[in-house]
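**Q** To start, I am sharing the structure in question, which I have written as structure tokens.
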Amino acid sequence: AEEGDPDARRFLEDAGEALAELVACLSTRLGLPPGFRLALQGSIVRKVTVVRERMLDSLKERGLSISLVSDEGEWTRGAWHYAKTLERARE
């Protein structure tokens with residue numbers, strides 16, 4: 001994609017779009033506000049610019065002006081447990 005292959009670029013943009021759809025669905029399910037904070041994990045979304053930029057652009061197009069959390073740490077595990085607790089409370 002970085003060398004100009006249009007098929008590779010389209011494939012990576014589709015991946016970013018799919019990730020945005022998952023984030024948007026999850027934010028709706030958890031009742032998050034449009035400007036929630038998002039931590040990125042995984043080498044694809046963190047290191048492949050095309051995927052990350054398409055995901056963020058798609059989220060903006062959906063009205064979700066998120067802010068990225070850049071530091072890694074145990075907060076990732078804590079955030080997951082917090083989300084699961086909220087989900088269970090809504091059931």
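For the structure tokens, the naming scheme is as follows: chains receive sequential letters (A, B, ...) according to their order of presentation, residues are indexed from 1 within each chain, and ligands are indexed from 1 in presentation order.
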Need to verify the contact set: Leu38 (chain A), 8 Å, only C-alpha atoms, exclusion of same-chain residues closer than 2 positions in sequence. Can you return it as a ChimeraX atom specification?
**A** /A:36,40,66-69
**Q** Could you save those same residues with all heavy atoms as a PDB file, in the first residue's frame?
**A**
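The result, written out as again-v5.pdb:
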ATOM      1  N   PHE A  36     -15.691  10.127  23.338  1.00  0.00           N
ATOM      2  CA  PHE A  36     -15.020   9.236  24.284  1.00  0.00           C
ATOM      3  C   PHE A  36     -13.544   9.039  23.927  1.00  0.00           C
ATOM      4  O   PHE A  36     -13.110   9.324  22.826  1.00  0.00           O
ATOM      5  CB  PHE A  36     -15.733   7.884  24.374  1.00  0.00           C
ATOM      6  CG  PHE A  36     -15.718   7.079  23.094  1.00  0.00           C
ATOM      7  CD1 PHE A  36     -14.706   6.172  22.845  1.00  0.00           C
ATOM      8  CD2 PHE A  36     -16.728   7.231  22.153  1.00  0.00           C
ATOM      9  CE1 PHE A  36     -14.694   5.434  21.673  1.00  0.00           C
ATOM     10  CE2 PHE A  36     -16.733   6.495  20.991  1.00  0.00           C
ATOM     11  CZ  PHE A  36     -15.705   5.596  20.751  1.00  0.00           C
ATOM     12  N   LEU A  40      -5.725   2.395  21.591  1.00  0.00           N
ATOM     13  CA  LEU A  40      -5.458   1.482  20.488  1.00  0.00           C
ATOM     14  C   LEU A  40      -4.504   0.386  20.932  1.00  0.00           C
ATOM     15  O   LEU A  40      -3.465   0.667  21.519  1.00  0.00           O
ATOM     16  CB  LEU A  40      -4.847   2.233  19.303  1.00  0.00           C
ATOM     17  CG  LEU A  40      -5.684   3.355  18.715  1.00  0.00           C
ATOM     18  CD1 LEU A  40      -4.923   4.023  17.575  1.00  0.00           C
ATOM     19  CD2 LEU A  40      -7.016   2.834  18.223  1.00  0.00           C
ATOM     20  N   ILE A  66     -13.586  11.044  18.638  1.00  0.00           N
ATOM     21  CA  ILE A  66     -12.888  10.436  19.762  1.00  0.00           C
ATOM     22  C   ILE A  66     -11.515  11.062  19.965  1.00  0.00           C
ATOM     23  O   ILE A  66     -10.964  11.677  19.063  1.00  0.00           O
ATOM     24  CB  ILE A  66     -12.742   8.917  19.560  1.00  0.00           C
ATOM     25  CG1 ILE A  66     -11.982   8.641  18.259  1.00  0.00           C
ATOM     26  CG2 ILE A  66     -14.079   8.234  19.522  1.00  0.00           C
ATOM     27  CD1 ILE A  66     -10.970   7.590  18.416  1.00  0.00           C
ATOM     28  N   SER A  67     -10.975  10.880  21.155  1.00  0.00           N
ATOM     29  CA  SER A  67      -9.584  11.259  21.404  1.00  0.00           C
ATOM     30  C   SER A  67      -8.823   9.978  21.730  1.00  0.00           C
ATOM     31  O   SER A  67      -9.340   9.090  22.412  1.00  0.00           O
ATOM     32  CB  SER A  67      -9.485  12.271  22.539  1.00  0.00           C
ATOM     33  OG  SER A  67     -10.019  11.739  23.728  1.00  0.00           O
ATOM     34  N   LEU A  68      -7.614   9.884  21.212  1.00  0.00           N
ATOM     35  CA  LEU A  68      -6.809   8.680  21.411  1.00  0.00           C
ATOM     36  C   LEU A  68      -6.016   8.753  22.700  1.00  0.00           C
ATOM     37  O   LEU A  68      -5.476   9.794  23.050  1.00  0.00           O
ATOM     38  CB  LEU A  68      -5.845   8.481  20.244  1.00  0.00           C
ATOM     39  CG  LEU A  68      -6.479   8.184  18.897  1.00  0.00           C
ATOM     40  CD1 LEU A  68      -5.388   8.072  17.825  1.00  0.00           C
ATOM     41  CD2 LEU A  68      -7.299   6.912  18.941  1.00  0.00           C
ATOM     42  N   VAL A  69      -5.932   7.632  23.382  1.00  0.00           N
ATOM     43  CA  VAL A  69      -5.086   7.472  24.555  1.00  0.00           C
ATOM     44  C   VAL A  69      -3.830   6.788  24.041  1.00  0.00           C
ATOM     45  O   VAL A  69      -3.898   5.734  23.422  1.00  0.00           O
ATOM     46  CB  VAL A  69      -5.778   6.590  25.621  1.00  0.00           C
ATOM     47  CG1 VAL A  69      -4.869   6.352  26.801  1.00  0.00           C
ATOM     48  CG2 VAL A  69      -7.088   7.210  26.038  1.00  0.00           C
TER      49      VAL A  69
END
**Q** Which residues, written as a PDB file with C-alpha atoms, in the first residue's frame, have at least one atom at most 9 Å from Leu12 (chain A), with only C-alpha atoms counted and residues fewer than 3 positions away on the same chain left out?
**A**
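Dumped to out_36.pdb:
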ATOM      1  CA  ALA A   1       0.000   0.000   0.000  1.00  0.00           C
ATOM      2  CA  ASP A   7      -5.490  -3.207  -4.154  1.00  0.00           C
ATOM      3  CA  ALA A   8      -3.372  -3.304  -1.018  1.00  0.00           C
ATOM      4  CA  ARG A   9      -4.507   0.195  -0.054  1.00  0.00           C
ATOM      5  CA  ALA A  15      -9.893  -3.101   7.484  1.00  0.00           C
ATOM      6  CA  GLY A  16      -9.952   0.393   8.997  1.00  0.00           C
ATOM      7  CA  GLU A  17     -13.600   0.782   8.046  1.00  0.00           C
ATOM      8  CA  VAL A  48      -0.299   0.670   9.839  1.00  0.00           C
ATOM      9  CA  VAL A  50      -3.688   3.533   6.375  1.00  0.00           C
ATOM     10  CA  VAL A  51      -5.761   1.342   8.705  1.00  0.00           C
ATOM     11  CA  ARG A  54      -9.346   5.196   7.791  1.00  0.00           C
TER      12      ARG A  54
END
**Q** Where does DSSP see strand (DSSP E) in chain A, if you list the residues as a ChimeraX atom specification?
**A** /A:37-39,67-69
**Q** Using C-alpha atoms, can you export the residues from the last selection as a PDB file, in the first residue's frame?
**A**
ATOM      1  CA  ARG A  37     -11.371   8.273  24.699  1.00  0.00           C
ATOM      2  CA  LEU A  38     -10.066   5.309  22.727  1.00  0.00           C
ATOM      3  CA  ALA A  39      -6.954   3.265  23.461  1.00  0.00           C
ATOM      4  CA  SER A  67      -9.584  11.259  21.404  1.00  0.00           C
ATOM      5  CA  LEU A  68      -6.809   8.680  21.411  1.00  0.00           C
ATOM      6  CA  VAL A  69      -5.086   7.472  24.555  1.00  0.00           C
TER       7      VAL A  69
END
**Q** Quick one: pull the distance between CA of Thr49 (chain A) and CA of Glu2 (chain A), Å, one decimal.
**A**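 Pair CA of Thr49 (chain A) / CA of Glu2 (chain A) returns 9.3 Å.
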**Q** Just the number, please: distance in Å from CA of Ala79 (chain A) to CA of Val23 (chain A), one decimal.
**A**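 It comes out at 14.3 Å.
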